[in-house]
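> Enclosed is the structure file final_35.txt (compact mmCIF, C-alpha atoms and all ligand atoms).
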```
# COMPACT_ATOMS: atom_id res chain seq x y z
CA MET A 242 -77.79 19.24 -26.09
CA VAL A 243 -77.90 16.16 -23.89
CA GLN A 244 -77.63 18.00 -20.58
CA SER A 245 -80.45 18.08 -18.07
CA PRO A 246 -82.19 21.49 -17.74
CA LEU A 247 -80.68 22.24 -14.31
CA VAL A 248 -77.18 21.47 -15.59
CA ARG A 249 -77.78 23.64 -18.63
CA GLU A 250 -79.08 26.50 -16.47
CA LEU A 251 -76.03 26.35 -14.22
CA ILE A 252 -73.71 26.43 -17.24
CA GLU A 253 -75.65 29.46 -18.48
CA ALA A 254 -75.47 31.17 -15.07
CA PHE A 255 -71.68 30.83 -14.93
CA ARG A 256 -71.49 32.97 -18.08
CA CYS A 257 -72.11 36.08 -15.97
CA LEU A 258 -68.52 35.78 -14.72
CA PRO A 259 -65.86 37.80 -16.56
CA GLY A 260 -63.69 35.73 -18.86
CA VAL A 261 -65.91 32.66 -18.65
CA GLY A 262 -66.99 31.30 -22.04
CA PRO A 263 -69.19 28.29 -22.82
CA LYS A 264 -66.33 25.79 -22.41
CA SER A 265 -65.17 26.99 -18.99
CA ALA A 266 -68.77 27.36 -17.81
CA GLN A 267 -69.34 23.71 -18.69
CA ARG A 268 -66.08 22.67 -17.02
CA MET A 269 -67.02 24.54 -13.84
CA THR A 270 -70.49 23.02 -13.76
CA TYR A 271 -69.30 19.43 -14.19
CA ALA A 272 -66.44 19.87 -11.73
CA LEU A 273 -68.72 21.17 -8.98
CA LEU A 274 -71.53 18.68 -9.53
CA GLN A 275 -69.19 15.71 -9.76
CA ARG A 276 -66.59 16.52 -7.17
CA ASP A 277 -67.42 19.51 -5.01
CA ARG A 278 -71.08 19.97 -4.16
CA GLY A 279 -70.06 21.39 -0.80
CA GLY A 280 -68.04 24.05 -2.61
CA ALA A 281 -71.03 24.81 -4.85
CA GLN A 282 -73.28 25.35 -1.85
CA GLN A 283 -70.68 27.49 -0.13
CA LEU A 284 -70.35 29.60 -3.28
CA ALA A 285 -74.13 30.05 -3.43
CA ARG A 286 -74.16 31.17 0.23
CA ALA A 287 -71.23 33.57 -0.29
CA LEU A 288 -72.91 35.10 -3.36
CA ASP A 289 -76.15 35.66 -1.47
CA ALA A 290 -74.40 37.05 1.59
CA ALA A 291 -72.28 39.46 -0.45
CA VAL A 292 -75.18 40.68 -2.63
CA GLU A 293 -77.26 41.14 0.50
CA GLY A 294 -74.65 42.63 2.79
CA VAL A 295 -72.13 44.54 0.71
CA GLY A 296 -72.93 48.15 -0.10
CA GLU A 297 -70.53 51.04 -0.46
CA CYS A 298 -68.50 53.08 1.99
CA GLU A 299 -70.18 56.46 2.41
CA GLN A 300 -66.79 58.17 2.48
CA CYS A 301 -64.73 56.51 -0.26
CA ARG A 302 -67.38 54.56 -2.21
CA THR A 303 -65.47 51.27 -2.08
CA LEU A 304 -67.35 48.00 -1.53
CA SER A 305 -68.10 47.75 2.16
CA GLU A 306 -70.53 46.00 4.44
CA THR A 307 -70.30 48.77 7.01
CA ALA A 308 -71.36 52.40 6.48
CA VAL A 309 -67.70 53.44 6.66
CA CYS A 310 -65.05 50.98 5.43
CA GLY A 311 -62.20 49.80 7.63
CA LEU A 312 -59.69 51.92 5.78
CA CYS A 313 -61.69 55.15 6.10
CA ALA A 314 -62.38 54.35 9.75
CA SER A 315 -58.73 53.72 10.60
CA ASP A 316 -57.01 56.58 12.42
CA ARG A 317 -53.66 55.23 11.26
CA ARG A 318 -54.46 56.46 7.75
CA ASP A 319 -53.81 60.12 6.93
CA ALA A 320 -57.20 61.72 6.18
CA GLY A 321 -55.44 64.65 4.49
CA VAL A 322 -54.24 62.57 1.54
CA LEU A 323 -56.63 60.95 -0.94
CA CYS A 324 -55.67 58.57 -3.70
CA ILE A 325 -58.29 58.70 -6.48
CA VAL A 326 -58.92 55.35 -8.20
CA GLU A 327 -61.43 54.03 -10.69
CA ASN A 328 -62.33 50.74 -9.00
CA PRO A 329 -62.37 49.08 -5.57
CA ALA A 330 -59.96 46.46 -6.92
CA ASP A 331 -57.40 49.21 -7.53
CA ILE A 332 -57.24 49.86 -3.78
CA GLN A 333 -56.20 46.29 -3.11
CA ALA A 334 -53.60 46.47 -5.88
CA LEU A 335 -52.10 49.68 -4.45
CA GLU A 336 -52.19 48.39 -0.87
CA ASP A 337 -50.35 45.25 -1.97
CA ALA A 338 -47.73 47.17 -3.94
CA THR A 339 -47.01 50.33 -1.94
CA ASP A 340 -46.70 51.58 1.61
CA TYR A 341 -49.19 54.37 1.01
CA ARG A 342 -50.71 55.56 4.30
CA GLY A 343 -53.37 57.98 3.08
CA ARG A 344 -56.96 57.20 2.17
CA TYR A 345 -58.79 56.56 -1.09
CA PHE A 346 -61.70 57.78 -3.15
CA VAL A 347 -63.30 55.37 -5.63
CA LEU A 348 -64.87 56.86 -8.75
CA LYS A 349 -66.46 53.53 -9.77
CA GLY A 350 -65.78 54.38 -13.38
CA ARG A 351 -64.40 57.27 -15.40
CA LEU A 352 -65.89 60.21 -17.24
CA SER A 353 -67.56 58.92 -20.38
CA PRO A 354 -70.17 61.39 -21.66
CA LEU A 355 -71.25 59.09 -24.49
CA ASP A 356 -72.20 56.43 -21.92
CA GLY A 357 -73.94 59.01 -19.76
CA ILE A 358 -71.22 58.91 -17.11
CA GLY A 359 -70.62 62.42 -15.87
CA PRO A 360 -69.24 64.01 -12.67
CA ALA A 361 -72.35 63.11 -10.64
CA GLU A 362 -72.08 59.40 -11.45
CA LEU A 363 -68.47 59.41 -10.25
CA GLY A 364 -69.35 61.15 -6.98
CA LEU A 365 -67.32 64.20 -7.98
CA GLU A 366 -69.83 66.65 -6.53
CA VAL A 367 -69.47 65.01 -3.14
CA LEU A 368 -65.69 64.95 -3.58
CA GLU A 369 -65.63 68.64 -4.44
CA ALA A 370 -67.64 69.51 -1.34
CA ARG A 371 -65.10 67.55 0.66
CA PHE A 372 -62.24 69.43 -1.03
CA ASN A 373 -63.93 72.71 -0.14
CA ARG A 374 -64.29 71.75 3.53
CA GLY A 375 -60.49 71.94 3.65
CA GLU A 376 -59.83 68.49 5.13
CA VAL A 377 -57.78 67.29 2.14
CA ARG A 378 -54.34 68.76 1.47
CA GLU A 379 -53.10 66.38 -1.21
CA ILE A 380 -54.51 64.04 -3.83
CA ILE A 381 -52.81 61.37 -5.92
CA LEU A 382 -54.51 60.64 -9.23
CA ALA A 383 -54.38 56.91 -9.95
CA THR A 384 -56.96 56.61 -12.70
CA ASN A 385 -55.94 54.36 -15.57
CA PRO A 386 -53.81 55.79 -18.37
CA THR A 387 -56.55 55.59 -20.99
CA VAL A 388 -58.05 58.58 -22.80
CA GLU A 389 -61.04 58.58 -20.45
CA GLY A 390 -58.96 57.94 -17.34
CA GLU A 391 -56.75 60.86 -18.32
CA ALA A 392 -59.73 63.15 -18.90
CA THR A 393 -61.07 62.15 -15.52
CA ALA A 394 -57.72 62.90 -13.88
CA GLN A 395 -57.71 66.33 -15.53
CA TYR A 396 -61.19 67.04 -14.25
CA VAL A 397 -60.40 66.06 -10.67
CA ALA A 398 -57.11 67.98 -10.78
CA GLU A 399 -59.00 71.10 -11.81
CA MET A 400 -61.36 70.71 -8.87
CA ALA A 401 -58.45 70.20 -6.48
CA ARG A 402 -56.53 73.22 -7.67
CA GLY A 403 -59.63 75.31 -7.10
CA ALA A 404 -59.39 74.26 -3.45
CA ASP A 405 -55.62 74.74 -3.15
CA ILE A 406 -54.86 71.04 -2.92
CA ARG A 407 -51.56 69.56 -4.05
CA VAL A 408 -52.06 67.19 -6.97
CA SER A 409 -49.86 64.41 -8.28
CA ARG A 410 -50.43 61.71 -10.86
CA ILE A 411 -48.89 58.23 -10.62
CA ALA A 412 -46.10 57.75 -13.15
CA HIS A 413 -46.84 56.26 -16.51
CA GLY A 414 -44.87 53.14 -15.81
CA VAL A 415 -48.26 51.54 -16.09
CA PRO A 416 -48.48 50.49 -19.74
CA LEU A 417 -50.73 52.69 -21.87
CA GLY A 418 -54.17 51.19 -22.30
CA GLY A 419 -53.39 48.93 -19.35
CA ASP A 420 -55.71 48.27 -16.48
CA LEU A 421 -54.33 49.03 -13.01
CA GLU A 422 -55.92 45.96 -11.58
CA TYR A 423 -53.82 43.63 -13.75
CA VAL A 424 -50.44 45.32 -13.55
CA ASP A 425 -47.73 43.42 -11.68
CA SER A 426 -47.03 44.90 -8.28
CA GLY A 427 -43.39 45.84 -9.13
CA THR A 428 -44.48 48.09 -11.99
CA LEU A 429 -47.26 49.51 -9.90
CA SER A 430 -44.98 50.22 -6.95
CA HIS A 431 -42.49 51.96 -9.28
CA ALA A 432 -45.22 54.03 -10.91
CA PHE A 433 -46.60 55.03 -7.55
CA ALA A 434 -43.24 56.08 -6.12
CA GLY A 435 -42.38 57.98 -9.33
CA ARG A 436 -45.54 60.07 -9.39
CA SER A 437 -45.04 63.66 -10.50
CA ASN A 438 -46.85 66.93 -9.94
CA TYR A 439 -49.83 67.17 -12.17
CA GLU A 440 -50.14 70.41 -14.16
CA MET B 805 -56.21 42.90 3.20
CA VAL B 806 -58.53 45.87 2.97
CA GLN B 807 -61.56 43.94 1.76
CA SER B 808 -64.67 43.56 3.85
CA PRO B 809 -65.19 40.04 5.26
CA LEU B 810 -68.10 39.24 2.92
CA VAL B 811 -66.08 40.30 -0.11
CA ARG B 812 -63.13 38.23 1.10
CA GLU B 813 -65.37 35.21 1.68
CA LEU B 814 -66.82 35.46 -1.83
CA ILE B 815 -63.33 35.68 -3.34
CA GLU B 816 -62.40 32.60 -1.32
CA ALA B 817 -65.56 30.75 -2.40
CA PHE B 818 -64.80 31.32 -6.10
CA ARG B 819 -61.57 29.39 -5.62
CA CYS B 820 -63.55 26.12 -5.68
CA LEU B 821 -63.92 26.59 -9.45
CA PRO B 822 -61.39 24.83 -11.68
CA GLY B 823 -58.76 27.15 -13.14
CA VAL B 824 -59.69 30.06 -10.86
CA GLY B 825 -56.73 31.52 -8.93
CA PRO B 826 -56.71 34.42 -6.46
CA LYS B 827 -56.60 37.08 -9.20
CA SER B 828 -59.54 35.78 -11.21
CA ALA B 829 -61.51 35.12 -8.04
CA GLN B 830 -61.05 38.75 -7.07
CA ARG B 831 -61.94 39.94 -10.57
CA MET B 832 -65.13 37.84 -10.54
CA THR B 833 -66.14 39.14 -7.13
CA TYR B 834 -65.67 42.81 -7.98
CA ALA B 835 -67.33 42.45 -11.38
CA LEU B 836 -70.45 40.87 -9.91
CA LEU B 837 -70.76 43.20 -6.93
CA GLN B 838 -70.14 46.32 -8.96
CA ARG B 839 -71.97 45.55 -12.17
CA ASP B 840 -74.09 42.41 -12.05
CA ARG B 841 -75.77 41.66 -8.74
CA GLY B 842 -78.69 40.14 -10.61
CA GLY B 843 -76.30 37.71 -12.26
CA ALA B 844 -74.79 36.87 -8.88
CA GLN B 845 -78.20 36.03 -7.43
CA GLN B 846 -79.11 33.97 -10.47
CA LEU B 847 -75.85 32.06 -10.15
CA ALA B 848 -76.57 31.36 -6.48
CA ARG B 849 -80.06 30.07 -7.38
CA ALA B 850 -78.70 27.89 -10.21
CA LEU B 851 -76.04 26.41 -7.92
CA ASP B 852 -78.60 25.55 -5.26
CA ALA B 853 -81.05 24.12 -7.78
CA ALA B 854 -78.41 21.95 -9.44
CA VAL B 855 -76.91 20.68 -6.17
CA GLU B 856 -80.41 19.90 -4.93
CA GLY B 857 -81.89 18.47 -8.09
CA VAL B 858 -79.14 16.82 -10.12
CA GLY B 859 -78.30 13.24 -9.29
CA GLU B 860 -77.16 10.51 -11.64
CA CYS B 861 -78.89 8.46 -14.31
CA GLU B 862 -79.47 4.97 -12.93
CA GLN B 863 -78.57 3.46 -16.29
CA CYS B 864 -75.53 5.39 -17.53
CA ARG B 865 -74.43 7.30 -14.39
CA THR B 866 -74.32 10.66 -16.14
CA LEU B 867 -75.55 13.79 -14.33
CA SER B 868 -79.33 13.78 -14.51
CA GLU B 869 -82.26 15.25 -12.63
CA THR B 870 -84.49 12.36 -13.64
CA ALA B 871 -83.98 8.71 -12.65
CA VAL B 872 -83.17 7.86 -16.27
CA CYS B 873 -81.50 10.54 -18.42
CA GLY B 874 -83.00 11.76 -21.68
CA LEU B 875 -80.45 9.89 -23.74
CA CYS B 876 -81.02 6.53 -22.02
CA ALA B 877 -84.79 7.08 -22.23
CA SER B 878 -84.74 7.86 -25.94
CA ASP B 879 -85.87 5.00 -28.17
CA ARG B 880 -84.01 6.61 -31.06
CA ARG B 881 -80.71 5.54 -29.49
CA ASP B 882 -79.50 1.98 -30.05
CA ALA B 883 -79.50 0.24 -26.65
CA GLY B 884 -77.24 -2.49 -28.03
CA VAL B 885 -74.21 -0.18 -28.37
CA LEU B 886 -72.51 1.44 -25.36
CA CYS B 887 -69.76 4.03 -25.50
CA ILE B 888 -67.73 3.92 -22.27
CA VAL B 889 -66.45 7.33 -21.09
CA GLU B 890 -64.77 8.64 -17.98
CA ASN B 891 -66.85 11.78 -17.43
CA PRO B 892 -70.29 13.24 -18.21
CA ALA B 893 -68.57 16.07 -20.10
CA ASP B 894 -67.15 13.48 -22.52
CA ILE B 895 -70.69 12.64 -23.63
CA GLN B 896 -71.31 16.23 -24.69
CA ALA B 897 -67.99 16.34 -26.53
CA LEU B 898 -68.78 13.13 -28.45
CA GLU B 899 -72.35 14.22 -29.20
CA ASP B 900 -71.05 17.51 -30.59
CA ALA B 901 -68.34 15.86 -32.69
CA THR B 902 -69.87 12.62 -33.98
CA ASP B 903 -73.16 11.21 -35.24
CA TYR B 904 -73.01 8.30 -32.78
CA ARG B 905 -76.48 6.84 -32.22
CA GLY B 906 -75.81 4.37 -29.41
CA ARG B 907 -75.87 4.98 -25.67
CA TYR B 908 -73.23 5.72 -23.05
CA PHE B 909 -71.89 4.47 -19.77
CA VAL B 910 -70.05 6.91 -17.51
CA LEU B 911 -67.33 5.50 -15.26
CA LYS B 912 -66.98 8.78 -13.32
CA GLY B 913 -63.26 8.18 -13.08
CA ARG B 914 -60.76 5.50 -14.00
CA LEU B 915 -59.18 2.57 -12.19
CA SER B 916 -56.67 3.91 -9.71
CA PRO B 917 -55.94 1.37 -6.98
CA LEU B 918 -53.63 3.74 -5.09
CA ASP B 919 -56.52 6.21 -4.71
CA GLY B 920 -58.88 3.44 -3.70
CA ILE B 921 -60.76 3.55 -7.01
CA GLY B 922 -61.55 0.01 -8.07
CA PRO B 923 -64.18 -1.66 -10.29
CA ALA B 924 -66.99 -1.07 -7.78
CA GLU B 925 -66.39 2.71 -7.69
CA LEU B 926 -66.64 2.84 -11.49
CA GLY B 927 -69.88 0.87 -11.54
CA LEU B 928 -68.20 -2.00 -13.37
CA GLU B 929 -70.05 -4.68 -11.41
CA VAL B 930 -73.35 -3.22 -12.55
CA LEU B 931 -71.99 -2.92 -16.08
CA GLU B 932 -70.85 -6.55 -16.09
CA ALA B 933 -74.31 -7.70 -14.97
CA ARG B 934 -75.74 -5.72 -17.86
CA PHE B 935 -73.26 -7.34 -20.25
CA ASN B 936 -74.30 -10.75 -19.00
CA ARG B 937 -77.99 -10.04 -19.54
CA GLY B 938 -77.16 -10.02 -23.25
CA GLU B 939 -78.67 -6.64 -24.12
CA VAL B 940 -75.34 -5.13 -25.28
CA ARG B 941 -73.72 -6.37 -28.50
CA GLU B 942 -71.00 -3.77 -28.92
CA ILE B 943 -68.97 -1.34 -26.81
CA ILE B 944 -66.70 1.54 -27.80
CA LEU B 945 -63.99 2.38 -25.28
CA ALA B 946 -63.49 6.14 -25.07
CA THR B 947 -61.50 6.43 -21.85
CA ASN B 948 -58.59 8.86 -22.00
CA PRO B 949 -55.19 7.71 -23.35
CA THR B 950 -53.46 7.87 -19.96
CA VAL B 951 -51.91 4.89 -18.20
CA GLU B 952 -54.95 4.62 -15.94
CA GLY B 953 -57.44 5.24 -18.73
CA GLU B 954 -55.74 2.52 -20.74
CA ALA B 955 -55.80 0.06 -17.84
CA THR B 956 -59.48 0.82 -17.36
CA ALA B 957 -60.15 0.22 -21.06
CA GLN B 958 -58.33 -3.12 -20.81
CA TYR B 959 -60.39 -4.13 -17.80
CA VAL B 960 -63.72 -3.30 -19.43
CA ALA B 961 -62.63 -4.98 -22.69
CA GLU B 962 -61.89 -8.17 -20.74
CA MET B 963 -65.36 -8.09 -19.18
CA ALA B 964 -66.96 -7.55 -22.57
CA ARG B 965 -65.09 -10.36 -24.26
CA GLY B 966 -66.27 -12.68 -21.52
CA ALA B 967 -69.81 -11.83 -22.60
CA ASP B 968 -69.12 -12.12 -26.34
CA ILE B 969 -69.44 -8.41 -26.97
CA ARG B 970 -67.63 -6.69 -29.81
CA VAL B 971 -65.09 -4.17 -28.51
CA SER B 972 -63.43 -1.18 -30.18
CA ARG B 973 -61.27 1.65 -28.86
CA ILE B 974 -61.33 5.21 -30.24
CA ALA B 975 -58.12 6.17 -32.06
CA HIS B 976 -55.49 8.27 -30.32
CA GLY B 977 -52.76 10.18 -32.08
CA VAL B 978 -51.71 13.47 -33.54
CA PRO B 979 -54.78 15.73 -33.66
CA LEU B 980 -56.08 16.75 -37.09
CA GLY B 981 -54.41 19.96 -38.21
CA GLY B 982 -51.83 19.40 -35.49
CA ASP B 983 -48.17 20.08 -36.12
CA LEU B 984 -45.92 17.12 -35.28
CA GLU B 985 -43.35 19.51 -33.89
CA TYR B 986 -45.71 20.82 -31.22
CA VAL B 987 -47.43 17.61 -30.22
CA ASP B 988 -46.42 16.42 -26.75
CA SER B 989 -44.07 13.46 -26.81
CA GLY B 990 -46.50 11.14 -25.04
CA THR B 991 -49.08 11.65 -27.79
CA LEU B 992 -46.46 11.33 -30.49
CA SER B 993 -45.03 8.13 -29.05
CA HIS B 994 -48.55 6.71 -28.77
CA ALA B 995 -49.36 7.73 -32.35
CA PHE B 996 -46.15 6.19 -33.64
CA ALA B 997 -46.59 2.90 -31.83
CA GLY B 998 -50.22 2.75 -32.95
CA ARG B 999 -49.47 3.34 -36.65
CA SER B 1000 -51.56 1.34 -39.12
CA ASN B 1001 -50.98 0.03 -42.60
CA TYR B 1002 -51.26 2.74 -45.20
CA GLU B 1003 -52.97 1.68 -48.41
ZN ZN C 1 -64.07 54.00 2.76
ZN ZN C 2 -78.46 7.75 -18.82
```
How does the structure come out when it is put into structure tokens?
Ligand SMILES: [Zn+2]
Ligand SMILES: [Zn+2]

Amino acid sequence: MVQSPLVRELIEAFRCLPGVGPKSAQRMTYALLQRDRGGAQQLARALDAAVEGVGECEQCRTLSETAVCGLCASDRRDAGVLCIVENPADIQALEDATDYRGRYFVLKGRLSPLDGIGPAELGLEVLEARFNRGEVREIILATNPTVEGEATAQYVAEMARGADIRVSRIAHGVPLGGDLEYVDSGTLSHAFAGRSNYE
Amino acid sequence: MVQSPLVRELIEAFRCLPGVGPKSAQRMTYALLQRDRGGAQQLARALDAAVEGVGECEQCRTLSETAVCGLCASDRRDAGVLCIVENPADIQALEDATDYRGRYFVLKGRLSPLDGIGPAELGLEVLEARFNRGEVREIILATNPTVEGEATAQYVAEMARGADIRVSRIAHGVPLGGDLEYVDSGTLSHAFAGRSNYE
């Protein structure tokens, strides 16, 4: 190791990013320190501001710096239709790919009893209360087509049926084992349009 | 765009990193905000500390938080041999791959008159003065095998010969374990032209 401690620490810090190994972390560090110190400072400010200011929407649980996110606050979105997704990033993917005009609910995960992730962790108790208040008439299940995503969809569907809510599941045009966030928007749009009733 | 402004700004800020497009920037942002806010804060601190504290070694021009870097300060490295590289990252690569025991000089670029990068920008005037003080007896040219890297190597070699310094250039060719069929034609042409007698 011939790097100075601060350089080494920055390389190490970049490793917290998904998909960044030792080589890319080193490349990022050298690139910023040699050619873009302004960018480095801006990144530091943006990280601080986001960590400080971004919480979650109290209605849909997506990342939001206001108590209610823009989408939940918009009266141009149908409050009677909820699309259930695993992650905030899935919302962006669906918004980019479809002309969906309802709202969302973000589970921030999927049922995984072995990891201690049950209904409470996914906000399902809150969601059920909302179902029972009668303000939702339809849900679209857009969890990922993995074993756990499927189990989660089943669980939510059960809750919805108990409250007389129409349930559909997006079509399995999304490749099995695939992650919604990384699917091309054509496939995603097709899968969304081809959703079927969920029994 | 359904993201909150702070989320959007963080995604944008990640774009300053080499090899990071809109998709990875979004993935990084969501991953940190959902699962690793501690990592995000640590990264912000490391960026600030490095931008603030890392300058360049006054002898070899590599990134360093001290006036003279550890390598230039070490008396276990032969001060009479200088390996000339384009970037600080090249030092790490050579240290990892070889048992070189001399020192380095970092050009921080290569001659590129059209971009306004001449000898002064690469520190060549300082290097020439050092050559003329007689403390260097040998240099190894490790600039990249591009047209500009080659022109830079030529320029430095000329300076060195004027000061009676022995000059060598690292070999360029087909990488070890490489398959001729898949080597880019520039490399192959270079390797062919630079063939040596085979005993
Ligand atoms: Zn919301
Ligand atoms: Zn140095």
> What's the 9 Å shell around Arg256 (chain A), counting all atoms listed in the file, without same-chain residues fewer than 4 positions away, as a PyMOL selection string?
(chain A and resi 251-252+260-263+265-266) or (chain B and resi 843)
> Mind listing the residues within 12 Å of ligand ZN 1 (chain C), only C-alpha atoms and all ligand atoms counted, as a VMD selection string?
(chain A and resid 296 to 315 318 320 323 to 325 329 332 343 to 348) or (chain B and resid 806 to 808)
> Quick one: distance from CA of Thr991 (chain B) to CA of Ala901 (chain B) in Å, one decimal?
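Computed distance, CA of Thr991 (chain B) to CA of Ala901 (chain B), equals 20.3 Å.
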> Superposing chain B on chain A by least squares with every Cα paired in order, what RMSD results?
5.6 Å
> Quick check: residues of chain A within 8 Å of chain B, only C-alpha atoms, returned as a ChimeraX atom specification.
/A:242-245,247-248,250-251,254-255,257-259,267-269,271-274,277-278,280-292,294-295,304-306,310-312,329-330,332-333,336
> Please compute the CA of Leu352 (chain A)-CA of Thr393 (chain A) distance, one decimal, in Å.
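So the two atoms, CA of Leu352 (chain A) and CA of Thr393 (chain A), lie 5.5 Å apart.
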> Just how far from CA of Gly913 (chain B) is CA of Ile974 (chain B), in Å to one decimal?
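If I compute the distance from CA of Ile974 (chain B) to CA of Gly913 (chain B), I get 17.5 Å.
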> Which neighbours of Gly953 (chain B) fall inside 6 Å, counting all atoms listed in the file, when residues of the same chain fewer than 5 positions from it are skipped, and could you give them as a list in words?
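The residues that qualify are Arg914, Thr947 and Asn948 of chain B.
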> For Ile969 (chain B), please output as number ranges by chain all residues within 8 Å (counting all atoms listed in the file; exclusion window: fewer than 6 positions along the same chain).
B: 935, 940-943
